[in-house]
$ cat input-v7.cif   # mmCIF, C-alpha atoms
data_model
loop_
_atom_site.label_atom_id
_atom_site.label_comp_id
_atom_site.auth_asym_id
_atom_site.auth_seq_id
_atom_site.Cartn_x
_atom_site.Cartn_y
_atom_site.Cartn_z
CA MET A 1 0.00 0.00 0.00
CA PRO A 2 1.37 3.45 -0.85
CA TRP A 3 2.09 5.99 1.87
CA HIS A 4 0.26 9.33 1.72
CA ALA A 5 1.38 11.94 4.20
CA ARG A 6 0.63 15.63 4.63
CA LEU A 7 2.02 18.36 6.85
CA ASP A 8 0.54 21.84 7.26
CA LEU A 9 2.99 24.18 8.96
CA ASN A 10 2.28 27.79 9.87
CA TYR A 11 4.80 30.32 11.21
CA ARG A 12 3.39 33.35 13.00
CA LEU A 13 4.47 36.01 15.47
CA GLU A 14 3.02 35.65 18.96
CA THR A 15 4.20 38.31 21.43
CA ASP A 16 7.45 38.90 19.53
CA ARG A 17 8.21 35.18 19.23
CA CYS A 18 7.99 33.27 15.97
CA VAL A 19 5.92 30.18 16.68
CA ALA A 20 5.34 27.14 14.46
CA ARG A 21 1.83 25.66 14.50
CA HIS A 22 1.32 22.42 12.60
CA GLN A 23 -1.01 19.57 11.75
CA HIS A 24 -0.13 16.29 10.06
CA THR A 25 -1.73 13.29 8.44
CA GLY A 26 0.36 10.15 8.00
CA PRO A 27 4.09 9.75 8.63
CA LEU A 28 5.34 13.31 8.35
CA ARG A 29 6.39 15.33 11.40
CA ILE A 30 8.39 18.27 12.61
CA LEU A 31 10.58 18.00 15.69
CA GLN A 32 10.58 20.47 18.55
CA SER A 33 10.91 24.14 17.58
CA LEU A 34 14.37 25.48 18.34
CA TYR A 35 15.57 29.06 18.86
CA PRO A 36 19.38 29.09 18.57
CA GLU A 37 19.24 32.69 17.27
CA GLY A 38 16.65 34.04 19.69
CA ASP A 39 12.86 34.24 19.57
CA ALA A 40 12.63 35.96 16.18
CA ILE A 41 13.68 32.91 14.10
CA CYS A 42 12.10 29.47 14.53
CA HIS A 43 14.15 26.45 13.40
CA ASN A 44 12.43 23.15 12.61
CA VAL A 45 13.54 19.72 11.42
CA LEU A 46 11.15 17.95 9.05
CA VAL A 47 11.08 14.17 9.56
CA HIS A 48 9.60 11.43 7.37
CA PRO A 49 9.84 8.31 9.59
CA PRO A 50 9.66 5.70 6.76
CA GLY A 51 12.89 7.19 5.41
CA GLY A 52 12.01 7.19 1.72
CA LEU A 53 9.38 7.00 -1.00
CA VAL A 54 8.49 4.16 -3.36
CA GLY A 55 6.13 4.18 -6.34
CA GLY A 56 2.72 5.57 -5.42
CA ASP A 57 3.90 7.41 -2.29
CA THR A 58 3.05 11.08 -1.89
CA LEU A 59 4.42 13.63 0.57
CA ASP A 60 2.44 16.88 0.64
CA ILE A 61 4.12 19.74 2.52
CA GLN A 62 2.28 23.03 2.96
CA VAL A 63 4.12 25.90 4.63
CA ARG A 64 2.79 29.39 5.34
CA VAL A 65 4.81 32.21 6.87
CA GLU A 66 2.68 35.02 8.31
CA PRO A 67 3.67 38.72 8.20
CA GLY A 68 6.90 39.44 10.06
CA ALA A 69 7.60 35.78 10.90
CA HIS A 70 10.84 33.98 10.04
CA GLY A 71 11.01 30.19 9.74
CA LEU A 72 13.85 27.82 8.87
CA ILE A 73 13.25 24.21 7.80
CA THR A 74 15.82 21.51 7.25
CA THR A 75 15.84 17.69 7.34
CA PRO A 76 17.98 15.10 9.15
CA GLY A 77 18.83 13.12 6.03
CA ALA A 78 18.22 12.61 2.34
CA THR A 79 14.78 12.26 0.79
CA ARG A 80 15.18 8.85 -0.80
CA PHE A 81 13.28 7.91 -3.94
CA TYR A 82 13.50 4.12 -4.14
CA ARG A 83 12.95 1.73 -7.05
CA SER A 84 9.41 1.81 -8.43
CA ALA A 85 7.37 -1.03 -9.89
CA GLY A 86 5.58 1.40 -12.19
CA GLU A 87 3.94 4.20 -10.21
CA GLN A 88 5.48 7.60 -9.60
CA ALA A 89 6.56 8.84 -6.17
CA LEU A 90 5.86 12.51 -5.51
CA GLN A 91 7.07 15.06 -3.01
CA ASN A 92 4.93 18.17 -3.39
CA THR A 93 5.95 21.27 -1.42
CA GLN A 94 4.12 24.60 -1.45
CA ILE A 95 5.49 27.54 0.49
CA HIS A 96 3.62 30.83 0.89
CA VAL A 97 5.39 33.79 2.50
CA ALA A 98 3.31 36.82 3.48
CA ALA A 99 4.48 40.44 3.28
CA GLY A 100 7.42 41.04 5.59
CA GLY A 101 7.96 37.33 6.20
CA ARG A 102 11.16 35.39 5.69
CA MET A 103 11.63 31.70 4.96
CA GLU A 104 14.67 29.42 4.70
CA TRP A 105 13.99 26.13 2.91
CA LEU A 106 17.15 24.04 3.42
CA PRO A 107 16.44 20.30 3.08
CA THR A 108 19.23 17.81 2.58
CA GLU A 109 19.51 16.15 -0.81
CA ALA A 110 16.95 14.18 -2.79
CA LEU A 111 18.57 10.83 -3.57
CA CYS A 112 17.43 8.97 -6.69
CA TYR A 113 17.97 5.23 -6.49
CA ASN A 114 18.26 3.14 -9.63
CA GLN A 115 14.88 2.44 -11.28
CA CYS A 116 13.06 5.16 -9.37
CA LEU A 117 10.17 7.07 -10.97
CA ALA A 118 9.92 10.31 -9.02
CA GLU A 119 9.07 13.99 -9.00
CA ASN A 120 10.20 16.61 -6.51
CA ARG A 121 7.96 19.65 -6.95
CA VAL A 122 8.42 22.92 -5.04
CA ARG A 123 6.24 25.99 -5.59
CA PHE A 124 6.94 29.28 -3.84
CA THR A 125 4.41 32.11 -3.52
CA LEU A 126 5.77 35.37 -2.13
CA GLU A 127 3.76 38.47 -1.38
CA PRO A 128 5.36 41.91 -1.94
CA GLY A 129 8.05 42.43 0.69
CA ALA A 130 8.48 38.71 1.41
CA GLU A 131 11.88 37.02 0.94
CA LEU A 132 13.19 33.46 0.87
CA ILE A 133 16.50 31.62 0.68
CA GLY A 134 16.21 28.02 -0.45
CA TRP A 135 18.13 25.26 -2.11
CA ASP A 136 17.51 22.09 -4.06
CA VAL A 137 20.13 19.31 -4.15
CA THR A 138 19.68 16.09 -6.13
CA ALA A 139 21.97 13.06 -6.28
CA PHE A 140 21.76 10.15 -8.71
CA GLY A 141 22.57 6.63 -7.61
CA LEU A 142 25.06 5.54 -4.96
CA PRO A 143 28.40 5.91 -6.75
CA GLN A 144 30.51 5.06 -3.70
CA ALA A 145 28.53 1.81 -3.27
CA ASN A 146 28.83 0.99 -6.98
CA GLN A 147 25.06 1.36 -7.47
CA PRO A 148 24.73 3.72 -10.47
CA PHE A 149 21.55 5.39 -11.68
CA VAL A 150 21.09 3.65 -15.05
CA GLN A 151 17.31 3.13 -15.20
CA GLY A 152 14.36 5.28 -14.19
CA ASN A 153 13.63 8.98 -14.32
CA PHE A 154 13.35 11.98 -12.07
CA CYS A 155 11.49 15.27 -12.58
CA GLN A 156 12.53 18.42 -10.78
CA HIS A 157 10.12 21.37 -10.60
CA LEU A 158 10.98 24.74 -9.01
CA GLU A 159 8.55 27.64 -9.46
CA LEU A 160 7.86 31.20 -8.42
CA PRO A 161 4.59 31.65 -10.36
CA GLY A 162 4.72 34.16 -13.17
CA VAL A 163 8.38 34.93 -12.48
CA TRP A 164 10.64 31.86 -12.55
CA LEU A 165 10.13 28.24 -13.58
CA GLU A 166 12.70 25.47 -13.79
CA ARG A 167 11.36 22.08 -14.79
CA GLY A 168 13.49 19.28 -16.12
CA ARG A 169 13.29 15.52 -16.47
CA ILE A 170 16.34 13.34 -15.96
CA ASP A 171 16.11 10.04 -17.85
CA ALA A 172 18.80 7.67 -16.62
CA SER A 173 19.00 5.93 -20.00
CA ASP A 174 19.76 9.18 -21.87
CA SER A 175 23.54 8.90 -22.12
CA ARG A 176 23.86 12.24 -23.93
CA LEU A 177 22.16 13.97 -21.02
CA MET A 178 23.93 12.05 -18.28
CA ASP A 179 27.46 11.96 -19.74
CA SER A 180 27.80 14.63 -22.43
CA PRO A 181 29.59 17.93 -21.71
CA LEU A 182 26.34 19.57 -22.80
CA GLY A 183 24.49 17.70 -20.03
CA LEU A 184 25.61 16.51 -16.61
CA ALA A 185 29.04 15.48 -17.96
CA GLY A 186 29.10 12.39 -15.76
CA HIS A 187 28.43 14.29 -12.54
CA LYS A 188 26.21 12.54 -10.01
CA CYS A 189 24.90 15.58 -8.18
CA MET A 190 23.23 18.82 -9.27
CA ALA A 191 22.35 21.62 -6.89
CA SER A 192 20.85 25.12 -6.88
CA ILE A 193 20.58 27.77 -4.18
CA PHE A 194 18.28 30.70 -4.79
CA PHE A 195 17.18 33.97 -3.23
CA LEU A 196 13.58 34.84 -4.08
CA ALA A 197 11.80 38.12 -3.40
CA GLY A 198 8.15 39.10 -3.59
CA SER A 199 9.15 42.51 -4.98
CA LYS A 200 11.78 43.60 -7.48
CA LEU A 201 15.22 43.80 -5.90
CA ASP A 202 17.14 47.04 -5.87
CA ASN A 203 19.80 46.80 -8.60
CA ALA A 204 22.66 47.42 -6.17
CA ARG A 205 21.42 44.74 -3.77
CA ARG A 206 20.94 42.28 -6.61
CA SER A 207 24.36 42.96 -8.18
CA ALA A 208 26.08 42.67 -4.82
CA ALA A 209 24.42 39.28 -4.24
CA LEU A 210 25.83 38.02 -7.55
CA ASP A 211 29.30 39.38 -6.73
CA ILE A 212 29.26 37.76 -3.29
CA ALA A 213 28.19 34.40 -4.72
CA ARG A 214 30.87 34.53 -7.39
CA GLN A 215 33.54 35.28 -4.80
CA VAL A 216 32.49 32.16 -2.89
CA ILE A 217 32.51 30.11 -6.10
CA ASP A 218 35.95 31.36 -7.13
CA GLY A 219 37.45 30.05 -3.89
CA HIS A 220 35.70 26.69 -3.98
CA VAL A 221 36.87 23.36 -5.38
CA LEU A 222 33.79 23.29 -7.66
CA HIS A 223 34.51 26.65 -9.30
CA ASP A 224 34.73 25.10 -12.78
CA THR A 225 31.19 23.69 -12.66
CA ALA A 226 29.34 26.43 -10.75
CA GLY A 227 27.85 29.75 -11.78
CA ALA A 228 25.66 32.57 -10.48
CA THR A 229 22.93 34.32 -12.42
CA SER A 230 19.83 36.46 -11.98
CA PRO A 231 17.16 35.49 -14.52
CA ASP A 232 14.69 38.02 -13.11
CA GLY A 233 14.70 41.04 -10.81
CA GLN A 234 13.15 38.87 -8.08
CA VAL A 235 15.49 35.88 -8.41
CA VAL A 236 19.20 35.23 -7.82
CA VAL A 237 20.47 31.67 -8.40
CA VAL A 238 23.68 29.69 -8.03
CA ARG A 239 23.86 26.33 -9.82
CA VAL A 240 26.53 23.65 -9.58
CA LEU A 241 27.37 20.16 -10.82
CA ALA A 242 29.47 17.88 -8.61
CA PRO A 243 30.72 14.29 -8.57
CA LEU A 244 29.28 13.76 -5.07
CA VAL A 245 26.82 15.43 -2.72
CA GLU A 246 29.30 16.59 -0.10
CA PRO A 247 31.21 19.24 -2.08
CA ALA A 248 27.96 20.55 -3.60
CA MET A 249 26.37 20.87 -0.16
CA ASP A 250 29.48 22.60 1.13
CA LEU A 251 29.16 25.23 -1.60
CA MET A 252 25.44 25.66 -0.88
CA LYS A 253 26.15 26.29 2.80
CA GLN A 254 28.86 28.84 2.04
CA VAL A 255 26.63 30.81 -0.35
CA TRP A 256 23.72 30.56 2.13
CA ALA A 257 25.84 32.09 4.90
CA ALA A 258 27.11 34.85 2.61
CA TRP A 259 23.62 35.73 1.34
CA ARG A 260 22.18 35.62 4.87
CA ALA A 261 24.69 38.27 5.88
CA HIS A 262 24.15 40.34 2.73
CA PHE A 263 20.36 40.30 2.50
CA TRP A 264 19.35 40.06 6.16
CA GLN A 265 22.45 41.06 8.17
CA LEU A 266 22.36 37.68 9.95
CA SER A 267 25.22 35.34 10.71
CA GLY A 268 25.26 31.90 9.09
CA HIS A 269 23.97 30.14 12.20
CA LYS A 270 23.88 26.51 11.10
CA PRO A 271 21.03 24.31 12.32
CA ARG A 272 22.29 21.93 14.98
CA ILE A 273 21.20 18.85 13.01
CA TRP A 274 23.83 19.62 10.35
CA ALA A 275 26.60 18.75 12.82
CA MET A 276 25.26 15.24 13.44
#

$ encode --input "input-v7.cif" --output "structure tokens"
Amino acid sequence: MPWHARLDLNYRLETDRCVARHQHTGPLRILQSLYPEGDAICHNVLVHPPGGLVGGDTLDIQVRVEPGAHGLITTPGATRFYRSAGEQALQNTQIHVAAGGRMEWLPTEALCYNQCLAENRVRFTLEPGAELIGWDVTAFGLPQANQPFVQGNFCQHLELPGVWLERGRIDASDSRLMDSPLGLAGHKCMASIFFLAGSKLDNARRSAALDIARQVIDGHVLHDTAGATSPDGQVVVVRVLAPLVEPAMDLMKQVWAAWRAHFWQLSGHKPRIWAM
């Protein structure tokens, strides 16, 4: 029987403290709210107890950030898309940030096992004055365990409606896509970190964000396969290809800390779960 799980998570200010209120159906939870940076920013760890998705499974994550609230969500481990017998597995995430709200969407990687049929869909809706830093990291197969991704397909969908849409399908059997220099060039991990705004960014703020990201990239081991761009006045993106997850995630964390300081004047206070 397939698993169907849903989590509704709402961040709101209650007497100057950002509080997370949530409801769930099925095996999808958040752990205790943490405040390592003080009451203004609520950190949560999203947990899916089964540990992965098989064909027919659906995870539905709904997040709303109320005016002036600031939430941060991460996960304790990879979202695993296992082999499917024919049905698709879906993780569907929708995040709405109200005016003046801030959100940090920082899950660990999506891991595509051989013969998986999966889609990871994330849709962001930001009201004017809302801002978000998020990332999306995807790994294919288990190269260190000699379990390559040679069958199956994966669809990635990232969207800020009416502003920015990235949707691509990775077919494991497409050797030109997987191995060609015009595709993934044999890399087993692709990752993006993005800053999204509900209003057009000031040109100076936007240009500085690109400069800061490029400085981080220039000093990183993945500098040859990473780049920063701004496809719209509300979007700044860094993309990278890597042979493994770890160097890609390291770059994501460095850019995240740099953008946090630039956009919000906050230190890169890493969630505690990242040290485990």

$ atom_distance --input "input-v7.cif" --atom1 "atom CA of Glu104 of chain A" --atom2 "atom CA of Val54 of chain A"
27.2 Å

$ residues_around --input "input-v7.cif" --residues "Asp8 of chain A" --least-positions-apart "6" --cutoff "10 Å" --atoms "all atoms listed in the file" --output "PyMOL selection string"
chain A and resi 21-25+28-29+60-64+94

$ residues_near_point --input "input-v7.cif" --point "(10.9, 7.2, 0.3)" --cutoff "7 Å" --atoms "all atoms listed in the file" --output "list in words"
Pro50, Gly51, Gly52, Leu53, Val54, Thr79, Arg80, Phe81 and Tyr82 of chain A

$ residues_around --input "input-v7.cif" --residues "Thr108 of chain A" --least-positions-apart "4" --cutoff "12 Å" --atoms "all atoms listed in the file" --output "PyMOL selection string"
chain A and resi 45-47+73-80+134-139+191+245-246+248-250+252-253+271+273-274

$ residues_near_point --input "input-v7.cif" --point "(13.2, 21.0, 20.3)" --cutoff "10 Å" --atoms "only C-alpha atoms" --output "VMD selection string"
chain A and resid 30 to 35 43 to 45

$ residues_around --input "input-v7.cif" --residues "Ile41 of chain A" --least-positions-apart "4" --cutoff "7 Å" --atoms "all atoms listed in the file" --output "MDAnalysis selection string"
chainID A and resid 18 35 37 70:71

$ resolve_selection --input "input-v7.cif" --expression "the PyMOL selection byres ((chain A and resi 155-169) around 7)" --output "list of chain:residue names"
A:Ala118, A:Glu119, A:Asn120, A:Arg121, A:Val122, A:Arg123, A:Phe124, A:Thr125, A:Asn153, A:Phe154, A:Ile170, A:Asp171

$ atom_distance --input "input-v7.cif" --atom1 "atom CA of Ala204 of chain A" --atom2 "atom CA of Trp105 of chain A"
24.7 Å

$ closest_residue --input "input-v7.cif" --among "A:Ala145, A:Val240, A:Leu59, A:Leu7" --to "His223 of chain A" --atoms "all atoms listed in the file"
A:Val240

$ closest_residue --input "input-v7.cif" --among "A:Arg83, A:Arg239, A:Lys270, A:His4" --to "Gly55 of chain A" --atoms "all atoms listed in the file"
A:Arg83

$ residues_around --input "input-v7.cif" --residues "segment 179-187 of chain A" --least-positions-apart "3" --cutoff "9 Å" --atoms "only C-alpha atoms" --output "MDAnalysis selection string"
chainID A and resid 140 174:176 190 241:244

$ write_last_selection --input "input-v7.cif" --atoms "C-alpha atoms" --output "mmCIF file, in the frame of the given file"
data_model
loop_
_atom_site.group_PDB
_atom_site.id
_atom_site.type_symbol
_atom_site.label_atom_id
_atom_site.label_comp_id
_atom_site.auth_asym_id
_atom_site.auth_seq_id
_atom_site.Cartn_x
_atom_site.Cartn_y
_atom_site.Cartn_z
ATOM 1 C CA PHE A 140 21.760 10.150 -8.710
ATOM 2 C CA ASP A 174 19.760 9.180 -21.870
ATOM 3 C CA SER A 175 23.540 8.900 -22.120
ATOM 4 C CA ARG A 176 23.860 12.240 -23.930
ATOM 5 C CA MET A 190 23.230 18.820 -9.270
ATOM 6 C CA LEU A 241 27.370 20.160 -10.820
ATOM 7 C CA ALA A 242 29.470 17.880 -8.610
ATOM 8 C CA PRO A 243 30.720 14.290 -8.570
ATOM 9 C CA LEU A 244 29.280 13.760 -5.070
#

$ atom_distance --input "input-v7.cif" --atom1 "atom CA of Gln91 of chain A" --atom2 "atom CA of Thr58 of chain A"
5.8 Å

$ residues_around --input "input-v7.cif" --residues "Thr15 of chain A" --least-positions-apart "3" --cutoff "12 Å" --atoms "only C-alpha atoms" --output "PyMOL selection string"
chain A and resi 12+18-19+39-40+68-69

$ resolve_selection --input "input-v7.cif" --expression "the PyMOL selection byres ((chain A and resi 217) around 12)" --output "NGL selection string"
:A and (210-216 or 218-228 or 238-240 or 247-248 or 250-255 or 258)

$ closest_residue --input "input-v7.cif" --among "A:Ala130, A:Leu106, A:Cys116, A:Ala98" --to "Ser192 of chain A" --atoms "all atoms listed in the file"
A:Leu106

$ resolve_selection --input "input-v7.cif" --expression "the PyMOL selection byres ((chain A and resi 149) around 7)" --output "VMD selection string"
chain A and resid 113 to 114 140 to 141 147 to 148 150 to 151 172

$ closest_residue --input "input-v7.cif" --among "A:Gln265, A:Ser230, A:Ser199, A:Ala5" --to "Asn92 of chain A" --atoms "only C-alpha atoms"
A:Ala5

$ closest_residue --input "input-v7.cif" --among "A:Ala99, A:Ala261, A:Ser207, A:Gln115" --to "Ser84 of chain A" --atoms "only C-alpha atoms"
A:Gln115

$ closest_residue --input "input-v7.cif" --among "A:Cys189, A:Leu126, A:Val97, A:Ala208" --to "Leu111 of chain A" --atoms "all atoms listed in the file"
A:Cys189

$ decode --input "input-v7.cif" --residues "segment 55-93 of chain A" --atoms "N, CA and C atoms" --output "CSV table (one decimal), in the first residue's frame"
chain,number,residue,atom,x,y,z
A,55,GLY,N,7.2,3.8,-5.4
A,55,GLY,CA,6.1,4.2,-6.3
A,55,GLY,C,4.8,4.3,-5.7
A,56,GLY,N,4.0,5.4,-6.0
A,56,GLY,CA,2.7,5.6,-5.4
A,56,GLY,C,2.7,6.4,-4.2
A,57,ASP,N,3.8,6.6,-3.5
A,57,ASP,CA,3.9,7.4,-2.3
A,57,ASP,C,3.8,8.9,-2.6
A,58,THR,N,3.2,9.6,-1.7
A,58,THR,CA,3.1,11.1,-1.9
A,58,THR,C,3.3,11.8,-0.6
A,59,LEU,N,4.2,12.7,-0.6
A,59,LEU,CA,4.4,13.6,0.6
A,59,LEU,C,3.9,15.0,0.2
A,60,ASP,N,3.0,15.6,0.9
A,60,ASP,CA,2.4,16.9,0.6
A,60,ASP,C,2.8,17.8,1.8
A,61,ILE,N,3.6,18.8,1.5
A,61,ILE,CA,4.1,19.7,2.5
A,61,ILE,C,3.6,21.1,2.2
A,62,GLN,N,2.9,21.7,3.1
A,62,GLN,CA,2.3,23.0,3.0
A,62,GLN,C,2.8,23.9,4.1
A,63,VAL,N,3.5,25.0,3.7
A,63,VAL,CA,4.1,25.9,4.6
A,63,VAL,C,3.6,27.3,4.4
A,64,ARG,N,3.2,28.0,5.4
A,64,ARG,CA,2.8,29.4,5.3
A,64,ARG,C,3.5,30.2,6.4
A,65,VAL,N,4.1,31.3,6.0
A,65,VAL,CA,4.8,32.2,6.9
A,65,VAL,C,4.0,33.5,6.9
A,66,GLU,N,3.5,33.8,8.1
A,66,GLU,CA,2.7,35.0,8.3
A,66,GLU,C,3.5,36.3,8.3
A,67,PRO,N,2.9,37.5,8.2
A,67,PRO,CA,3.7,38.7,8.2
A,67,PRO,C,4.6,38.9,9.4
A,68,GLY,N,5.9,39.2,9.0
A,68,GLY,CA,6.9,39.4,10.1
A,68,GLY,C,7.5,38.2,10.7
A,69,ALA,N,7.0,37.0,10.3
A,69,ALA,CA,7.6,35.8,10.9
A,69,ALA,C,8.8,35.3,10.1
A,70,HIS,N,9.6,34.5,10.7
A,70,HIS,CA,10.8,34.0,10.0
A,70,HIS,C,11.0,32.5,10.5
A,71,GLY,N,10.8,31.6,9.5
A,71,GLY,CA,11.0,30.2,9.7
A,71,GLY,C,12.2,29.6,9.0
A,72,LEU,N,12.8,28.6,9.5
A,72,LEU,CA,13.9,27.8,8.9
A,72,LEU,C,13.5,26.3,9.0
A,73,ILE,N,13.5,25.6,7.8
A,73,ILE,CA,13.2,24.2,7.8
A,73,ILE,C,14.4,23.5,7.2
A,74,THR,N,14.8,22.4,7.8
A,74,THR,CA,15.8,21.5,7.2
A,74,THR,C,15.4,20.1,7.5
A,75,THR,N,16.2,19.1,7.1
A,75,THR,CA,15.8,17.7,7.3
A,75,THR,C,17.1,17.0,7.9
A,76,PRO,N,16.9,15.8,8.6
A,76,PRO,CA,18.0,15.1,9.2
A,76,PRO,C,18.7,14.2,8.2
A,77,GLY,N,18.2,14.0,7.0
A,77,GLY,CA,18.8,13.1,6.0
A,77,GLY,C,18.2,13.2,4.7
A,78,ALA,N,18.7,12.5,3.7
A,78,ALA,CA,18.2,12.6,2.3
A,78,ALA,C,16.8,12.2,2.2
A,79,THR,N,16.1,12.8,1.3
A,79,THR,CA,14.8,12.3,0.8
A,79,THR,C,15.1,11.2,-0.2
A,80,ARG,N,14.8,10.0,0.1
A,80,ARG,CA,15.2,8.8,-0.8
A,80,ARG,C,14.0,8.4,-1.7
A,81,PHE,N,14.3,8.4,-3.0
A,81,PHE,CA,13.3,7.9,-3.9
A,81,PHE,C,13.8,6.5,-4.4
A,82,TYR,N,13.1,5.5,-3.9
A,82,TYR,CA,13.5,4.1,-4.1
A,82,TYR,C,12.9,3.6,-5.5
A,83,ARG,N,13.4,2.4,-5.8
A,83,ARG,CA,12.9,1.7,-7.0
A,83,ARG,C,11.4,1.6,-7.1
A,84,SER,N,10.9,1.9,-8.3
A,84,SER,CA,9.4,1.8,-8.4
A,84,SER,C,9.0,0.6,-9.3
A,85,ALA,N,7.9,0.0,-9.0
A,85,ALA,CA,7.4,-1.0,-9.9
A,85,ALA,C,6.5,-0.5,-11.0
A,86,GLY,N,6.4,0.8,-11.1
A,86,GLY,CA,5.6,1.4,-12.2
A,86,GLY,C,4.9,2.7,-11.9
A,87,GLU,N,4.6,3.0,-10.6
A,87,GLU,CA,3.9,4.2,-10.2
A,87,GLU,C,5.0,5.2,-9.8
A,88,GLN,N,4.6,6.5,-9.9
A,88,GLN,CA,5.5,7.6,-9.6
A,88,GLN,C,5.4,7.9,-8.1
A,89,ALA,N,6.5,8.3,-7.5
A,89,ALA,CA,6.6,8.8,-6.2
A,89,ALA,C,6.7,10.4,-6.3
A,90,LEU,N,5.9,11.1,-5.4
A,90,LEU,CA,5.9,12.5,-5.5
A,90,LEU,C,6.1,13.2,-4.2
A,91,GLN,N,7.0,14.1,-4.1
A,91,GLN,CA,7.1,15.1,-3.0
A,91,GLN,C,6.6,16.4,-3.5
A,92,ASN,N,5.5,16.9,-3.0
A,92,ASN,CA,4.9,18.2,-3.4
A,92,ASN,C,5.0,19.2,-2.2
A,93,THR,N,5.8,20.3,-2.5
A,93,THR,CA,6.0,21.3,-1.4
A,93,THR,C,5.4,22.6,-1.9
